$ cat upload-v2.json   # JSON, C-alpha atoms
[["chain", "number", "residue", "atom", "x", "y", "z"],
["A", 708, "MET", "CA", -21.15, 9.42, -10.03],
["A", 709, "GLU", "CA", -21.39, 12.16, -7.46],
["A", 710, "PRO", "CA", -18.38, 13.01, -5.29],
["A", 711, "GLN", "CA", -20.59, 12.66, -2.22],
["A", 712, "PHE", "CA", -20.84, 8.91, -2.93],
["A", 713, "TRP", "CA", -17.09, 8.51, -2.36],
["A", 714, "HIS", "CA", -16.98, 10.94, 0.54],
["A", 715, "SER", "CA", -19.68, 8.94, 2.32],
["A", 716, "LYS", "CA", -17.80, 5.67, 1.65],
["A", 717, "TRP", "CA", -14.68, 7.07, 3.33],
["A", 718, "GLN", "CA", -16.64, 8.65, 6.20],
["A", 719, "ALA", "CA", -18.38, 5.33, 6.93],
["A", 720, "ASN", "CA", -15.13, 3.39, 6.47],
["A", 721, "ASP", "CA", -17.01, 1.36, 3.84],
["A", 722, "ILE", "CA", -13.86, 0.79, 1.81],
["A", 723, "GLY", "CA", -13.91, -2.88, 0.87],
["A", 724, "PHE", "CA", -11.94, -1.89, -2.24],
["A", 725, "HIS", "CA", -8.95, -0.98, -0.05],
["A", 726, "GLU", "CA", -6.33, -3.72, 0.20],
["A", 727, "ALA", "CA", -4.54, -3.94, 3.55],
["A", 728, "GLU", "CA", -1.35, -5.17, 1.87],
["A", 729, "VAL", "CA", 0.61, -4.28, -1.25],
["A", 730, "ASN", "CA", -1.11, -5.66, -4.32],
["A", 731, "GLN", "CA", 0.37, -9.05, -5.20],
["A", 732, "HIS", "CA", 0.19, -8.39, -8.95],
["A", 733, "LEU", "CA", 2.22, -5.23, -8.45],
["A", 734, "LEU", "CA", 4.88, -7.16, -6.55],
["A", 735, "LYS", "CA", 4.98, -9.89, -9.19],
["A", 736, "HIS", "CA", 4.98, -7.79, -12.36],
["A", 737, "PHE", "CA", 6.15, -4.23, -11.78],
["A", 738, "HIS", "CA", 9.83, -4.90, -12.25],
["A", 739, "ASP", "CA", 9.07, -6.41, -15.67],
["A", 740, "LEU", "CA", 8.61, -2.82, -16.81],
["A", 741, "SER", "CA", 12.25, -2.11, -15.92],
["A", 742, "PRO", "CA", 11.59, 1.27, -14.32],
["A", 743, "SER", "CA", 14.56, 2.92, -12.74],
["A", 744, "PRO", "CA", 14.16, 4.86, -9.52],
["A", 745, "PRO", "CA", 13.59, 7.72, -9.07],
["A", 746, "ALA", "CA", 10.95, 7.37, -11.81],
["A", 747, "ARG", "CA", 7.78, 9.34, -11.03],
["A", 748, "ILE", "CA", 4.63, 7.24, -10.85],
["A", 749, "PHE", "CA", 1.13, 8.67, -11.11],
["A", 750, "VAL", "CA", -1.52, 6.85, -9.06],
["A", 751, "PRO", "CA", -5.01, 8.05, -10.02],
["A", 752, "LEU", "CA", -7.83, 7.67, -7.47],
["A", 753, "CYS", "CA", -5.13, 6.53, -5.06],
["A", 754, "GLY", "CA", -7.03, 6.43, -1.78],
["A", 755, "LYS", "CA", -4.68, 5.21, 0.94],
["A", 756, "THR", "CA", -3.28, 2.30, -1.04],
["A", 757, "ARG", "CA", -0.34, 0.45, 0.52],
["A", 758, "ASP", "CA", 1.12, 0.31, -2.99],
["A", 759, "ILE", "CA", 2.29, 3.90, -2.52],
["A", 760, "ALA", "CA", 4.42, 2.90, 0.48],
["A", 761, "TRP", "CA", 5.95, 0.14, -1.64],
["A", 762, "PHE", "CA", 6.78, 2.57, -4.46],
["A", 763, "LEU", "CA", 8.40, 4.95, -1.99],
["A", 764, "ASP", "CA", 10.36, 2.11, -0.36],
["A", 765, "GLN", "CA", 11.69, 1.16, -3.81],
["A", 766, "GLY", "CA", 12.96, 4.71, -4.39],
["A", 767, "TYR", "CA", 10.23, 5.91, -6.73],
["A", 768, "GLN", "CA", 8.50, 9.25, -6.51],
["A", 769, "VAL", "CA", 4.71, 9.23, -6.37],
["A", 770, "VAL", "CA", 2.13, 11.75, -7.46],
["A", 771, "GLY", "CA", -1.46, 10.80, -6.75],
["A", 772, "ALA", "CA", -4.95, 12.14, -7.20],
["A", 773, "GLU", "CA", -7.80, 11.43, -4.81],
["A", 774, "LEU", "CA", -11.22, 12.93, -4.21],
["A", 775, "SER", "CA", -11.26, 12.24, -0.46],
["A", 776, "GLU", "CA", -9.09, 14.34, 1.83],
["A", 777, "LEU", "CA", -9.87, 11.87, 4.61],
["A", 778, "ALA", "CA", -8.29, 9.08, 2.55],
["A", 779, "ILE", "CA", -5.15, 11.14, 2.05],
["A", 780, "ARG", "CA", -4.86, 12.03, 5.71],
["A", 781, "GLU", "CA", -5.10, 8.29, 6.47],
["A", 782, "LEU", "CA", -2.50, 7.58, 3.77],
["A", 783, "PHE", "CA", 0.03, 9.93, 5.37],
["A", 784, "THR", "CA", -0.75, 8.56, 8.83],
["A", 785, "GLY", "CA", -0.05, 5.06, 7.50],
["A", 786, "LEU", "CA", 3.18, 6.30, 5.97],
["A", 787, "ALA", "CA", 4.14, 7.92, 9.30],
["A", 788, "LEU", "CA", 4.69, 11.21, 7.48],
["A", 789, "ASN", "CA", 3.64, 14.69, 8.51],
["A", 790, "PRO", "CA", 2.94, 16.28, 5.12],
["A", 791, "LYS", "CA", 3.19, 19.87, 4.14],
["A", 792, "THR", "CA", -0.24, 21.01, 2.96],
["A", 793, "GLU", "CA", -1.17, 23.83, 0.67],
["A", 794, "PRO", "CA", -4.34, 24.99, -1.04],
["A", 795, "PHE", "CA", -4.92, 23.46, -4.46],
["A", 796, "HIS", "CA", -7.82, 24.34, -6.77],
["A", 797, "GLY", "CA", -10.17, 24.80, -3.83],
["A", 798, "ASP", "CA", -8.97, 21.59, -2.19],
["A", 799, "MET", "CA", -5.60, 20.57, -0.75],
["A", 800, "ARG", "CA", -2.22, 19.32, -1.88],
["A", 801, "PHE", "CA", -0.28, 17.04, 0.50],
["A", 802, "ILE", "CA", 3.48, 16.94, 0.02],
["A", 803, "GLY", "CA", 6.08, 14.75, 1.68],
["A", 804, "PRO", "CA", 9.46, 13.26, 0.79],
["A", 805, "GLY", "CA", 9.00, 11.72, -2.66],
["A", 806, "ILE", "CA", 5.20, 12.08, -2.57],
["A", 807, "ASP", "CA", 2.75, 14.69, -3.85],
["A", 808, "ILE", "CA", -0.98, 13.98, -3.55],
["A", 809, "LEU", "CA", -3.59, 16.24, -5.12],
["A", 810, "VAL", "CA", -7.03, 16.24, -3.50],
["A", 811, "GLY", "CA", -9.88, 16.87, -5.90],
["A", 812, "ASP", "CA", -11.65, 15.62, -8.97],
["A", 813, "ILE", "CA", -9.26, 13.91, -11.40],
["A", 814, "PHE", "CA", -11.21, 15.40, -14.30],
["A", 815, "ASP", "CA", -10.25, 18.90, -13.12],
["A", 816, "LEU", "CA", -6.50, 18.20, -13.26],
["A", 817, "SER", "CA", -4.07, 19.17, -15.99],
["A", 818, "VAL", "CA", -0.60, 17.99, -16.94],
["A", 819, "GLN", "CA", 0.74, 21.17, -15.31],
["A", 820, "ASP", "CA", -0.83, 20.07, -12.02],
["A", 821, "VAL", "CA", 0.76, 16.62, -11.93],
["A", 822, "GLY", "CA", 4.08, 17.42, -13.59],
["A", 823, "LEU", "CA", 6.32, 14.98, -15.40],
["A", 824, "ILE", "CA", 5.09, 11.38, -15.15],
["A", 825, "ASP", "CA", 7.13, 8.32, -16.13],
["A", 826, "PHE", "CA", 4.51, 5.65, -15.35],
["A", 827, "VAL", "CA", 0.82, 5.43, -14.52],
["A", 828, "TYR", "CA", -0.32, 2.82, -12.01],
["A", 829, "ASP", "CA", -4.04, 2.14, -11.97],
["A", 830, "ARG", "CA", -4.93, -0.86, -9.81],
["A", 831, "ALA", "CA", -8.70, -0.39, -9.85],
["A", 832, "ALA", "CA", -9.59, 3.23, -10.57],
["A", 833, "LEU", "CA", -11.06, 2.54, -14.00],
["A", 834, "VAL", "CA", -13.39, -0.18, -12.72],
["A", 835, "ALA", "CA", -14.43, 1.97, -9.74],
["A", 836, "LEU", "CA", -16.06, 4.43, -12.10],
["A", 837, "PRO", "CA", -19.50, 3.98, -13.63],
["A", 838, "SER", "CA", -19.30, 2.64, -17.16],
["A", 839, "GLN", "CA", -20.45, 5.96, -18.67],
["A", 840, "MET", "CA", -17.42, 7.74, -17.12],
["A", 841, "ARG", "CA", -14.77, 5.23, -18.15],
["A", 842, "SER", "CA", -14.06, 6.57, -21.63],
["A", 843, "LYS", "CA", -13.66, 10.08, -20.20],
["A", 844, "TYR", "CA", -11.23, 8.66, -17.61],
["A", 845, "ALA", "CA", -9.39, 6.71, -20.32],
["A", 846, "ASP", "CA", -8.86, 10.00, -22.17],
["A", 847, "GLN", "CA", -7.99, 12.02, -19.06],
["A", 848, "VAL", "CA", -5.22, 9.85, -17.60],
["A", 849, "PRO", "CA", -2.99, 9.83, -20.72],
["A", 850, "SER", "CA", -3.55, 13.59, -21.09],
["A", 851, "LEU", "CA", -2.21, 14.08, -17.54],
["A", 852, "SER", "CA", 0.86, 12.03, -18.26],
["A", 853, "ALA", "CA", 1.55, 13.86, -21.51],
["A", 854, "LEU", "CA", 1.40, 10.47, -23.25],
["A", 855, "ALA", "CA", -1.72, 11.24, -25.24],
["A", 856, "PRO", "CA", -1.42, 10.55, -28.98]]
$ encode --input "upload-v2.json" --output "structure tokens"
Amino acid sequence: MEPQFWHSKWQANDIGFHEAEVNQHLLKHFHDLSPSPPARIFVPLCGKTRDIAWFLDQGYQVVGAELSELAIRELFTGLALNPKTEPFHGDMRFIGPGIDILVGDIFDLSVQDVGLIDFVYDRAALVALPSQMRSKYADQVPSLSALAP
């Protein structure tokens, strides 16, 4: 899948995959994992998910990765935060209280880029990818969290 596909989706606001509310399965099941704030949660292909606001409200720290800078600008607007921005691998990094979002291709990231991760939260990133990219993604995410076997 070409990055331009996702950029055009965000530009056209053709984001039917975006949920306007916090995911109900997250609300129902997350605390079963017994995470203790301020655990650091990695959200791959995060877009502007409302789930990030929920994590922050619960006292968690969030690091995310997203291809679309537009999505991340909308995320911070929705969070009512004015992020610090800095260049990052030819793209941007958006930083706010308890939140660090890396703009760029998730396959270009390393564990050094994302830092220590306690949990990975993937609501629909895997299924958003074409089937031929899913095994690469399934290898990449654990490698970023330093949980790879």
$ residues_around --input "upload-v2.json" --residues "range 733-750 of chain A" --least-positions-apart "3" --cutoff "10 Å" --atoms "only C-alpha atoms" --output "number ranges by chain"
A: 729-730, 753-754, 756, 758-759, 761-763, 765-773, 805-808, 821-830, 832, 848, 851-852
$ atom_distance --input "upload-v2.json" --atom1 "CA of Ser850 in chain A" --atom2 "CA of Pro794 in chain A"
23.1 Å
$ residues_around --input "upload-v2.json" --residues "Gln847 in chain A" --least-positions-apart "6" --cutoff "9 Å" --atoms "only C-alpha atoms" --output "VMD selection string"
chain A and resid 813 to 814 816 to 817 855
$ atom_distance --input "upload-v2.json" --atom1 "CA of Leu782 in chain A" --atom2 "CA of Leu752 in chain A"
12.4 Å
$ atom_distance --input "upload-v2.json" --atom1 "CA of Glu776 in chain A" --atom2 "CA of Arg841 in chain A"
22.7 Å
$ residues_around --input "upload-v2.json" --residues "Ala778 in chain A" --least-positions-apart "2" --cutoff "12 Å" --atoms "only C-alpha atoms" --output "JSON list (two decimals) with C-alpha atoms, in the coordinates of the input"
[["chain", "number", "residue", "atom", "x", "y", "z"],
["A", 713, "TRP", "CA", -17.09, 8.51, -2.36],
["A", 714, "HIS", "CA", -16.98, 10.94, 0.54],
["A", 715, "SER", "CA", -19.68, 8.94, 2.32],
["A", 716, "LYS", "CA", -17.80, 5.67, 1.65],
["A", 717, "TRP", "CA", -14.68, 7.07, 3.33],
["A", 718, "GLN", "CA", -16.64, 8.65, 6.20],
["A", 719, "ALA", "CA", -18.38, 5.33, 6.93],
["A", 720, "ASN", "CA", -15.13, 3.39, 6.47],
["A", 721, "ASP", "CA", -17.01, 1.36, 3.84],
["A", 722, "ILE", "CA", -13.86, 0.79, 1.81],
["A", 725, "HIS", "CA", -8.95, -0.98, -0.05],
["A", 752, "LEU", "CA", -7.83, 7.67, -7.47],
["A", 753, "CYS", "CA", -5.13, 6.53, -5.06],
["A", 754, "GLY", "CA", -7.03, 6.43, -1.78],
["A", 755, "LYS", "CA", -4.68, 5.21, 0.94],
["A", 756, "THR", "CA", -3.28, 2.30, -1.04],
["A", 757, "ARG", "CA", -0.34, 0.45, 0.52],
["A", 771, "GLY", "CA", -1.46, 10.80, -6.75],
["A", 772, "ALA", "CA", -4.95, 12.14, -7.20],
["A", 773, "GLU", "CA", -7.80, 11.43, -4.81],
["A", 774, "LEU", "CA", -11.22, 12.93, -4.21],
["A", 775, "SER", "CA", -11.26, 12.24, -0.46],
["A", 776, "GLU", "CA", -9.09, 14.34, 1.83],
["A", 780, "ARG", "CA", -4.86, 12.03, 5.71],
["A", 781, "GLU", "CA", -5.10, 8.29, 6.47],
["A", 782, "LEU", "CA", -2.50, 7.58, 3.77],
["A", 783, "PHE", "CA", 0.03, 9.93, 5.37],
["A", 784, "THR", "CA", -0.75, 8.56, 8.83],
["A", 785, "GLY", "CA", -0.05, 5.06, 7.50],
["A", 801, "PHE", "CA", -0.28, 17.04, 0.50],
["A", 808, "ILE", "CA", -0.98, 13.98, -3.55],
["A", 809, "LEU", "CA", -3.59, 16.24, -5.12],
["A", 810, "VAL", "CA", -7.03, 16.24, -3.50],
["A", 811, "GLY", "CA", -9.88, 16.87, -5.90]]
$ closest_residue --input "upload-v2.json" --among "A:Ala787, A:Ala831, A:Ile779, A:Met840" --to "Pro751 in chain A" --atoms "all atoms listed in the file"
A:Ala831
$ closest_residue --input "upload-v2.json" --among "A:Ala760, A:Ala727, A:Leu836, A:Leu777" --to "Met799 in chain A" --atoms "all atoms listed in the file"
A:Leu777
$ closest_residue --input "upload-v2.json" --among "A:Gln731, A:Asp815, A:Ser838, A:Leu788" --to "Ile802 in chain A" --atoms "all atoms listed in the file"
A:Leu788
